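**Q** Got data-v8.txt for you, compact mmCIF, C-alpha atoms:
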```
# COMPACT_ATOMS: atom_id res chain seq x y z
CA MET F 295 73.36 17.57 203.37
CA SER F 296 72.79 20.12 206.11
CA SER F 297 75.29 22.83 207.00
CA SER F 298 76.10 21.12 210.32
CA ASP F 299 76.94 17.92 208.44
CA ASN F 300 79.17 19.90 206.12
CA ASN F 301 81.02 21.44 209.05
CA LEU F 302 81.47 17.99 210.56
CA MET F 303 82.86 16.70 207.25
CA ARG F 304 85.27 19.62 207.11
CA TRP F 305 86.44 18.88 210.65
CA PHE F 306 87.03 15.24 209.84
CA ARG F 307 88.98 16.14 206.76
CA GLY F 308 91.39 18.18 208.80
CA ALA F 309 90.84 21.47 207.06
CA GLY F 310 91.84 23.12 210.32
CA SER F 311 89.50 26.03 210.21
CA SER F 312 86.00 26.12 208.84
CA GLN F 313 86.88 29.36 207.13
CA PRO F 314 89.21 29.03 204.17
CA LYS F 315 92.26 31.22 204.15
CA PRO F 316 92.16 34.16 201.80
CA GLN F 317 94.12 34.02 198.60
CA GLU F 318 97.36 35.90 198.46
CA GLY F 319 98.23 35.63 194.82
CA SER F 320 98.30 38.44 192.38
CA LYS F 321 97.18 38.67 188.79
CA SER F 322 100.76 38.55 187.66
CA ALA F 323 101.45 35.21 189.31
CA PRO F 324 103.67 33.41 186.86
CA ARG F 325 102.87 30.15 185.19
CA THR F 326 104.79 27.23 186.52
CA ARG F 327 105.54 23.87 185.03
CA ARG F 328 105.45 20.52 186.70
CA THR F 329 106.10 17.05 185.50
CA CYS F 330 103.19 14.74 186.26
CA ILE F 331 103.59 11.00 186.33
CA GLY F 332 99.86 10.59 186.75
CA LEU F 333 99.18 12.73 183.71
CA GLY F 334 101.66 10.65 181.71
CA GLU F 335 99.77 7.48 182.58
CA PHE F 336 96.47 9.20 181.87
CA MET F 337 97.62 10.27 178.40
CA ARG F 338 98.92 6.81 177.62
CA SER F 339 95.50 5.42 178.45
CA LEU F 340 93.98 7.70 175.81
CA ILE F 341 96.37 6.58 173.12
CA SER F 342 95.59 2.93 173.66
CA SER F 343 91.85 3.23 173.96
CA GLY F 344 90.88 1.83 170.58
CA GLU F 345 89.35 2.72 167.22
CA ASN F 346 86.26 4.66 168.28
CA LYS F 347 86.74 8.32 168.94
CA THR F 348 87.83 8.72 172.51
CA CYS F 349 85.76 11.15 174.59
CA VAL F 350 87.49 13.20 177.23
CA LEU F 351 85.78 15.55 179.67
CA ASP F 352 87.89 18.44 180.95
CA LEU F 353 86.37 19.91 184.09
CA GLY F 354 88.80 22.79 184.42
CA PRO F 355 88.68 26.27 182.96
CA THR F 356 88.83 26.29 179.17
CA SER F 357 92.37 25.63 178.07
CA PRO F 358 93.12 26.16 174.38
CA THR F 359 96.29 24.13 174.86
CA ASN F 360 94.42 21.10 176.13
CA ILE F 361 91.84 21.30 173.37
CA ALA F 362 94.54 21.64 170.73
CA LEU F 363 96.57 18.75 172.07
CA LEU F 364 93.65 16.41 172.60
CA THR F 365 91.88 17.12 169.33
CA GLU F 366 95.14 16.56 167.47
CA MET F 367 95.22 13.15 169.09
CA GLY F 368 91.82 12.49 167.52
CA VAL F 369 90.02 12.85 170.82
CA ARG F 370 86.58 14.42 171.17
CA VAL F 371 86.93 17.02 173.88
CA PHE F 372 84.18 18.11 176.23
CA ASN F 373 84.74 21.06 178.49
CA GLU F 374 82.80 22.23 181.54
CA ASP F 375 84.28 24.69 183.98
CA ILE F 376 82.34 23.36 186.93
CA LEU F 377 84.08 25.40 189.58
CA ARG F 378 83.13 28.63 187.87
CA GLU F 379 79.60 27.33 187.38
CA SER F 380 79.35 26.34 191.03
CA GLN F 381 80.01 29.94 192.07
CA ASP F 382 76.67 30.96 190.61
CA GLU F 383 74.40 31.95 193.48
CA SER F 384 71.33 30.80 191.59
CA TYR F 385 72.29 27.26 192.62
CA CYS F 386 71.99 28.18 196.28
CA VAL F 387 68.91 28.00 198.47
CA LYS F 388 68.31 30.20 201.46
CA GLN F 389 68.38 28.42 204.80
CA GLU F 390 66.23 29.23 207.80
CA ASP F 391 69.07 31.18 209.37
CA GLY F 392 69.37 33.29 206.23
CA THR F 393 72.57 31.73 204.95
CA LEU F 394 72.88 30.43 201.43
CA GLU F 395 73.47 26.72 200.99
CA PHE F 396 74.57 25.21 197.72
CA ASP F 397 71.97 22.89 196.21
CA PRO F 398 73.50 20.09 194.10
CA THR F 399 70.12 19.20 192.60
CA LYS F 400 69.80 22.64 191.08
CA PHE F 401 73.37 22.47 189.88
CA PHE F 402 73.00 19.13 188.15
CA ALA F 403 69.80 20.27 186.47
CA GLU F 404 71.93 22.58 184.33
CA ASN F 405 75.38 21.04 184.41
CA LEU F 406 77.02 17.73 183.60
CA ASN F 407 74.01 16.40 181.77
CA TYR F 408 75.61 13.48 180.00
CA SER F 409 74.57 9.91 179.54
CA ALA F 410 76.04 7.08 181.55
CA ASP F 411 79.29 5.53 180.33
CA GLN F 412 79.89 8.39 177.90
CA PHE F 413 83.49 9.29 178.65
CA ASP F 414 86.68 7.35 178.28
CA ALA F 415 88.51 9.72 180.56
CA ILE F 416 87.90 12.70 182.80
CA LEU F 417 90.30 15.43 183.81
CA PHE F 418 89.10 16.45 187.26
CA TRP F 419 92.24 18.45 188.14
CA ASP F 420 92.10 19.97 191.62
CA VAL F 421 88.47 21.04 191.39
CA ALA F 422 87.44 18.92 194.39
CA ASP F 423 89.52 21.10 196.72
CA TYR F 424 87.59 24.23 195.77
CA ILE F 425 83.96 23.32 195.13
CA PRO F 426 81.23 23.70 197.76
CA GLU F 427 81.21 20.93 200.34
CA SER F 428 77.76 19.68 199.51
CA LEU F 429 78.73 19.20 195.88
CA VAL F 430 81.77 16.99 196.44
CA LYS F 431 80.16 13.60 196.99
CA PRO F 432 77.32 13.89 194.44
CA LEU F 433 79.81 15.18 191.89
CA VAL F 434 82.11 12.22 192.31
CA GLU F 435 79.13 9.88 192.00
CA ARG F 436 78.02 11.67 188.85
CA LEU F 437 81.49 11.45 187.34
CA GLN F 438 81.73 7.78 188.08
CA ALA F 439 78.43 7.17 186.32
CA MET F 440 79.53 9.17 183.28
CA LEU F 441 82.82 7.31 183.00
CA LYS F 442 83.03 4.12 180.98
CA PRO F 443 84.15 0.94 182.72
CA LYS F 444 87.96 0.99 182.80
CA GLY F 445 87.84 4.69 182.09
CA HIS F 446 90.41 6.92 183.78
CA LEU F 447 89.91 9.93 186.00
CA LEU F 448 92.81 12.17 186.94
CA ALA F 449 92.47 14.28 190.06
CA PHE F 450 94.86 16.47 192.02
CA PHE F 451 94.64 17.21 195.72
CA HIS F 452 96.58 19.72 197.76
CA THR F 453 98.39 18.11 200.66
CA LYS F 454 98.40 21.33 202.68
CA ASP F 455 97.17 24.85 202.36
CA ALA F 456 100.34 26.37 201.05
CA GLY F 457 99.05 29.90 200.49
CA VAL F 458 100.06 31.19 197.11
CA GLU F 459 101.17 27.75 196.04
CA SER F 460 97.69 26.38 196.56
CA LEU F 461 96.03 28.85 194.24
CA TYR F 462 93.45 27.37 191.97
CA SER F 463 95.05 26.97 188.58
CA ARG F 464 94.17 26.40 185.00
CA HIS F 465 96.04 23.33 183.88
CA HIS F 466 97.56 23.38 180.42
CA ILE F 467 98.90 20.10 179.10
CA VAL F 468 102.03 21.26 177.30
CA GLN F 469 103.46 17.78 176.92
CA LYS F 470 102.04 14.40 177.61
CA ASP F 471 103.63 14.34 181.04
CA THR F 472 104.07 18.05 181.69
CA LEU F 473 101.59 20.61 182.91
CA GLU F 474 101.74 24.35 182.95
CA LEU F 475 99.82 25.84 185.85
CA GLU F 476 98.24 29.23 185.36
CA PRO F 477 97.06 30.65 188.70
CA LEU F 478 93.55 32.06 188.69
CA GLN F 479 92.06 34.53 191.12
CA GLY F 480 88.85 34.38 193.09
CA PHE F 481 88.78 30.81 194.32
CA LYS F 482 89.56 29.69 197.83
CA LEU F 483 90.85 26.35 198.92
CA GLN F 484 87.91 24.83 200.77
CA ARG F 485 89.42 21.72 202.29
CA ILE F 486 92.35 19.35 202.38
CA PHE F 487 91.76 15.71 201.59
CA ASN F 488 94.06 13.09 203.05
CA ASN F 489 94.60 9.68 201.52
CA ARG F 490 91.84 8.05 203.53
CA HIS F 491 89.31 10.67 202.49
CA ILE F 492 90.24 10.26 198.86
CA GLU F 493 89.92 6.50 199.07
CA ASN F 494 86.51 6.83 200.69
CA LEU F 495 85.33 9.38 198.22
CA PHE F 496 86.37 7.27 195.24
CA LYS F 497 85.65 3.92 196.88
CA ASP F 498 83.47 2.72 194.01
CA PHE F 499 86.30 2.97 191.51
CA ALA F 500 88.16 -0.20 190.69
CA SER F 501 91.60 1.19 191.42
CA ARG F 502 93.32 4.32 192.71
CA LYS F 503 96.95 5.12 192.12
CA PHE F 504 98.61 7.86 194.16
CA PHE F 505 101.57 9.98 193.09
CA LEU F 506 102.87 12.41 195.69
CA GLY F 507 104.71 15.40 194.31
CA ARG F 508 107.23 17.62 196.07
CA ASP F 509 105.04 20.64 195.43
CA ASN F 510 102.32 19.67 197.91
CA ILE F 511 100.18 18.16 195.19
CA ARG F 512 98.94 14.60 195.32
CA GLU F 513 98.05 13.18 191.92
CA VAL F 514 95.53 10.38 191.91
CA LEU F 515 94.68 8.31 188.88
CA MET F 516 91.41 6.48 189.29
CA VAL F 517 90.17 3.66 187.07
CA ARG F 518 86.51 2.83 187.08
CA MET R 233 72.47 69.89 143.78
CA TRP R 234 74.00 66.86 145.43
CA LYS R 235 76.89 65.38 143.56
CA PRO R 236 78.28 62.02 144.38
CA ARG R 237 81.80 62.17 145.78
CA PRO R 238 84.19 59.25 145.80
CA GLU R 239 83.79 58.68 149.54
CA ASP R 240 79.99 58.57 149.21
CA SER R 241 80.27 55.28 147.42
CA LYS R 242 81.39 53.73 150.69
CA PRO R 243 78.68 52.16 152.86
CA MET R 244 77.47 54.54 155.53
CA ASN R 245 78.38 53.78 159.10
CA MET R 246 75.04 53.36 160.83
CA ASN R 247 76.55 53.54 164.26
CA PRO R 248 79.35 56.08 164.47
CA THR R 249 79.63 55.85 168.24
CA GLN R 250 80.40 52.19 168.11
CA PRO R 251 84.07 51.30 168.61
CA ALA R 252 86.07 49.69 165.89
CA GLN R 253 84.52 46.33 165.18
CA PRO R 254 86.23 43.22 163.97
CA VAL R 255 85.70 43.07 160.28
CA PRO R 256 87.29 40.50 158.04
CA PRO R 257 89.94 41.82 155.72
CA PRO R 258 89.55 41.05 152.06
CA VAL R 259 91.30 37.73 151.97
CA ALA R 260 90.88 35.83 148.75
CA ALA R 261 89.06 32.97 150.42
CA ALA R 262 86.41 35.22 151.92
CA ALA R 263 86.06 37.70 149.08
CA PRO R 264 86.84 36.22 145.70
CA SER R 265 87.78 39.02 143.33
CA ILE R 266 85.80 39.25 140.13
CA PRO R 267 87.57 41.17 137.37
CA THR R 268 84.43 42.97 136.15
CA GLN R 269 83.63 44.26 139.63
CA GLN R 270 87.10 45.38 140.65
CA LYS R 271 86.16 49.06 140.68
CA GLU R 272 83.53 48.47 143.33
CA THR R 273 85.67 46.36 145.63
CA PRO R 274 85.95 48.24 148.93
CA LYS R 275 89.30 49.09 150.41
CA ALA R 276 90.70 47.02 153.23
CA SER R 277 90.29 49.95 155.60
CA ASP R 278 86.55 50.19 155.04
CA PRO R 279 84.65 49.54 158.25
CA HIS R 280 81.93 47.69 156.38
CA ARG R 281 82.59 45.61 153.33
CA ALA R 282 80.01 45.73 150.61
CA ASP R 283 79.98 41.96 150.28
CA VAL R 284 79.41 41.39 153.98
CA GLY R 285 75.93 41.69 155.40
CA HIS R 286 75.68 43.57 158.66
CA ILE R 287 73.19 43.14 161.48
CA GLY R 288 73.64 45.81 164.11
CA LYS R 289 73.54 45.43 167.84
CA SER R 290 70.02 46.82 168.24
CA VAL R 291 68.51 44.22 165.93
CA GLN R 292 66.65 41.28 167.44
CA ILE R 293 65.59 38.35 165.30
CA LYS R 294 63.49 35.35 166.20
CA GLY R 295 63.27 32.62 163.66
CA GLU R 296 65.33 31.24 160.83
CA LEU R 297 68.18 33.25 159.35
CA THR R 298 69.61 32.01 156.08
CA GLY R 299 71.85 33.70 153.57
CA SER R 300 74.29 33.30 150.74
CA GLU R 301 76.78 35.98 151.71
CA ASP R 302 79.18 36.63 154.54
CA LEU R 303 77.54 38.17 157.57
CA TYR R 304 78.58 40.28 160.51
CA LEU R 305 76.10 39.77 163.31
CA ASP R 306 76.14 42.01 166.35
CA GLY R 307 72.50 41.72 167.39
CA SER R 308 70.39 39.06 169.08
CA ILE R 309 69.07 35.98 167.36
CA GLU R 310 66.93 33.15 168.60
CA GLY R 311 66.30 30.28 166.21
CA THR R 312 68.68 29.01 163.54
CA VAL R 313 71.42 30.59 161.48
CA ASP R 314 72.37 28.92 158.23
CA LEU R 315 75.01 30.46 155.99
CA ARG R 316 76.35 27.20 154.57
CA ASP R 317 79.30 28.22 152.39
CA HIS R 318 79.82 31.64 153.87
CA SER R 319 81.47 33.24 156.84
CA LEU R 320 79.79 34.50 159.95
CA ILE R 321 81.28 36.89 162.47
CA ILE R 322 79.45 37.29 165.74
CA GLY R 323 80.38 40.66 167.15
CA PRO R 324 81.05 41.51 170.78
CA ASN R 325 77.42 42.52 171.31
CA GLY R 326 76.04 39.46 169.58
CA LYS R 327 73.79 37.21 171.65
CA ILE R 328 72.85 34.10 169.78
CA LYS R 329 70.55 31.36 170.95
CA ALA R 330 70.60 29.29 167.84
CA SER R 331 72.23 26.43 166.07
CA ILE R 332 74.68 27.86 163.58
CA SER R 333 75.82 26.43 160.29
CA ALA R 334 78.48 28.27 158.29
CA ARG R 335 81.77 27.77 156.51
CA ASP R 336 83.88 29.92 158.81
CA LEU R 337 82.82 31.40 162.08
CA VAL R 338 84.38 33.94 164.41
CA VAL R 339 82.76 34.44 167.80
CA HIS R 340 83.36 37.53 169.91
CA GLY R 341 80.00 37.57 171.68
CA ARG R 342 77.80 34.98 173.33
CA VAL R 343 76.47 31.87 171.64
CA GLU R 344 74.18 29.25 173.10
CA GLY R 345 73.71 26.54 170.55
CA ASN R 346 75.55 24.04 168.46
CA ILE R 347 77.95 25.13 165.76
CA THR R 348 78.65 23.27 162.56
CA ALA R 349 81.36 24.71 160.36
CA THR R 350 82.89 23.25 157.24
CA GLY R 351 85.95 25.46 157.56
CA ARG R 352 87.27 27.15 160.61
CA VAL R 353 85.92 28.30 163.96
CA GLU R 354 87.59 31.02 166.00
CA LEU R 355 86.62 31.63 169.60
CA ARG R 356 87.96 35.01 170.61
CA LYS R 357 88.86 35.90 174.16
CA SER R 358 85.64 37.82 174.80
CA CYS R 359 83.44 34.99 173.65
CA THR R 360 81.19 32.69 175.61
CA LEU R 361 80.12 29.55 173.84
CA ILE R 362 77.74 27.04 175.34
CA GLY R 363 77.19 24.28 172.85
CA ASP R 364 78.93 21.70 170.74
CA VAL R 365 81.30 22.54 167.91
CA SER R 366 81.85 20.43 164.86
CA THR R 367 84.47 21.79 162.51
CA GLN R 368 87.65 21.05 160.61
CA ARG R 369 89.77 23.66 162.34
CA ILE R 370 89.38 25.57 165.55
CA VAL R 371 91.26 28.42 167.16
CA ILE R 372 90.56 29.33 170.76
CA GLU R 373 92.00 32.43 172.34
CA ASP R 374 93.05 32.44 175.94
CA GLY R 375 90.15 33.77 177.97
CA ALA R 376 87.36 32.36 175.86
CA PHE R 377 84.72 30.52 177.87
CA PHE R 378 83.59 27.27 176.37
CA LYS R 379 81.13 24.70 177.64
CA GLY R 380 80.40 21.82 175.35
CA ALA R 381 82.10 19.37 173.05
CA ILE R 382 84.56 19.89 170.23
CA ASP R 383 84.61 17.46 167.36
CA ILE R 384 87.29 17.96 164.73
CA LYS R 385 86.23 16.53 161.40
CA GLU R 386 88.68 15.49 158.77
CA LYS R 387 88.34 16.79 155.25
CA SER R 388 86.65 13.97 153.44
CA GLN R 389 86.94 15.17 149.88
CA GLN R 390 90.50 16.46 149.91
CA PRO R 391 93.14 14.07 148.56
CA ALA R 392 95.29 12.66 151.32
CA GLU R 393 98.59 13.75 149.74
CA THR R 394 97.67 17.44 149.86
CA ARG R 395 97.00 17.36 153.59
CA LYS R 396 99.67 18.51 155.95
CA PRO R 397 100.50 16.25 158.84
CA LEU R 398 98.91 17.11 162.17
CA ALA R 399 102.28 17.53 163.81
CA VAL R 400 103.08 20.40 161.46
CA ALA R 401 99.81 22.11 162.26
CA ALA R 402 100.53 21.78 165.96
CA SER R 403 103.89 23.49 165.61
CA VAL R 404 102.20 26.46 163.98
CA GLY R 405 99.74 27.04 166.77
CA MET R 406 101.80 26.28 169.81
CA GLY R 407 105.20 27.50 170.77
CA PRO R 408 107.33 26.51 173.71
CA GLY R 409 105.86 27.34 177.06
CA GLY R 410 102.42 27.70 175.65
CA SER R 411 103.43 30.80 173.77
CA THR R 412 102.18 31.42 170.32
CA SER R 413 103.35 32.65 167.00
CA SER R 414 100.26 34.80 166.68
CA SER R 415 100.75 38.54 166.50
CA SER R 416 97.84 39.03 168.89
CA SER R 417 98.64 40.08 172.44
CA ALA R 418 96.45 37.31 173.78
CA SER R 419 97.84 33.89 173.22
CA SER R 420 95.85 31.67 170.96
CA TYR R 421 96.20 28.11 169.93
CA SER R 422 95.11 26.27 166.90
CA ALA R 423 93.90 22.74 166.52
CA SER R 424 93.73 22.30 162.83
CA SER R 425 94.22 19.87 160.07
CA ASP R 426 96.03 22.47 158.02
CA SER R 427 97.72 25.78 158.65
CA GLN R 428 95.67 28.24 156.66
CA GLY R 429 95.55 31.78 157.90
CA SER R 430 92.47 33.26 159.42
CA PHE R 431 90.22 35.41 157.33
CA LEU R 432 90.66 37.95 160.08
CA ASP R 433 94.45 37.79 160.10
CA GLY R 434 94.89 41.02 158.25
CA LYS R 435 92.97 42.97 160.86
```
Represent the structure of the file as structure tokens.
**A**
Amino acid sequence: MSSSDNNLMRWFRGAGSSQPKPQEGSKSAPRTRRTCIGLGEFMRSLISSGENKTCVLDLGPTSPTNIALLTEMGVRVFNEDILRESQDESYCVKQEDGTLEFDPTKFFAENLNYSADQFDAILFWDVADYIPESLVKPLVERLQAMLKPKGHLLAFFHTKDAGVESLYSRHHIVQKDTLELEPLQGFKLQRIFNNRHIENLFKDFASRKFFLGRDNIREVLMVR
Amino acid sequence: MWKPRPEDSKPMNMNPTQPAQPVPPPVAAAAPSIPTQQKETPKASDPHRADVGHIGKSVQIKGELTGSEDLYLDGSIEGTVDLRDHSLIIGPNGKIKASISARDLVVHGRVEGNITATGRVELRKSCTLIGDVSTQRIVIEDGAFFKGAIDIKEKSQQPAETRKPLAVAASVGMGPGGSTSSSSSASSYSASSDSQGSFLDGK
């Protein structure tokens, strides 16, 4: 996808400005807790997924809490911090005008190399709001291919750029329906998805369930 | 004429400029005491234990590394590392591109390769691990970077009645609010099938 296409996509998605707002948070930003109905449903789907070892892919930053909780449930946990990986400039190619454009092909050559139908569930968190524009669509397609039929994918989307409140966070599952959000520095909100965009992006999934929180977070539970 | 002094019996520090390195304390599991050798057992404060092999940070190895003793590895290795029933500590300068097989493993440095441990794996906050882990118990400190899969294996030979329930193990590792009972300043969490202490706990 060319850079002009990306800008057009951003405009359609209502991001307001093509330039993301700078982050205002500090290192000492406290952890906050939120109850997540979507997460509760997601966790229940893991419990009832049968005798074979359930495979879950966590696409957020490494969370010891998540690994502890999921492995104690007998789940095989896979972890890839794709946002951090996507910041690597080696995945970019230089354009004619000298700017660097993210190349998904290069990225997928070294990341998310899993077989089709490998995962019972994927924790996507709010990664889609922060990754490079050209990675969004191919990433969703890749995730759908990696997910088993009837597998669940949990994603969060910011409903508005709420400054400090929209900081990228590490999500710790402290209870089966409660998250602890640990704000992380260095990542800028790239776009805001509305419901229509989310439905289009995940149109190949069998179902999408939306949960709108009061904290400007939209939880979406997708079933392949 | 040179006369041996008591402190000369200690292993010489080959790298005095190096900061204090994580060295396992003499826990019974890692260093079984043998009555006939008690005089030679190093003190807990020794920087290098006599029964722990040491590979310094300037050492580079390509090939197969096997051993039948505990090992502290701070250098670079490309190939395979096989310690089977012994412990391996990868120091902060360690850069490993190898599949690792050991009983217990502590990672401070960088590992690219799969890990198979029959005991416990600890990923410290400075560590980067790219590969799959298969172990019975795992401890991951906050800040550790991990890319791969974690497979917790049950003890197959241990009688079921001696095992502690998973819920008990969870309460040891995790406190309310994600806090921890660990004495370390960084929070760490444990996913384990029992609540044994680390062989580094006495550090």
**Q** Hey, what's within 8 Å of region 430-435 of chain F if we count all atoms listed in the file and toss same-chain stuff fewer than 4 positions away? As a list in words, please?
**A** Pro398, Ala422, Ile425, Pro426, Ala439, Leu495 and Phe496 of chain F
**Q** Of the candidates F:Arg378, F:Arg436, F:Lys503, F:Lys388, which one gets nearest to Asn407 (chain F) if we count all atoms listed in the file?
**A**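 Nearest candidate to Asn407 (chain F) out of F:Arg378, F:Arg436, F:Lys503, F:Lys388: F:Arg436.
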**Q** Can you work out which residues from chain F touch chain R at a cut-off of 12 Å (counting all atoms listed in the file) and hand them back as a PyMOL selection string?
**A** chain F and resi 324-328+347-376+378-379+404-408+413+464-469+472-476+478
**Q** For His452 (chain F), which of F:Leu394, F:Met337, F:Ile511, F:Ile416 is the closest residue, counting all atoms listed in the file?
**A**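 So, comparing all the options, the nearest one is F:Ile511.
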**Q** Quick one: distance from CA of Arg352 (chain R) to CA of Lys294 (chain R) in Å, one decimal?
**A**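 Separating CA of Arg352 (chain R) from CA of Lys294 (chain R) is a distance of 25.8 Å.
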**Q** Go through R:Leu315, R:Ala330, R:Val338, R:Leu320 and flag the residue nearest Gly295 (chain R), using all atoms listed in the file for the distances.
**A**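 Of R:Leu315, R:Ala330, R:Val338, R:Leu320, the one nearest Gly295 (chain R), counting all atoms listed in the file, is R:Ala330.
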**Q** Rounded to one decimal in Å, what is the spacing between CA of Glu513 (chain F) and CA of Ala500 (chain F)?
**A**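 If I compute the distance from CA of Glu513 (chain F) to CA of Ala500 (chain F), I get 16.7 Å.
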**Q** Have a look at CA of Val313 (chain R) and CA of Leu297 (chain R) and let me know their distance in Å, one decimal.
**A**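 We find that CA of Val313 (chain R) and CA of Leu297 (chain R) lie 4.7 Å from each other.
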**Q** Taking all atoms listed in the file into account, name the residue in F:Arg518, F:Arg502, F:Arg512, F:Lys454 that is nearest to Asp420 (chain F).
**A**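 Closest residue, counting all atoms listed in the file: F:Arg512.
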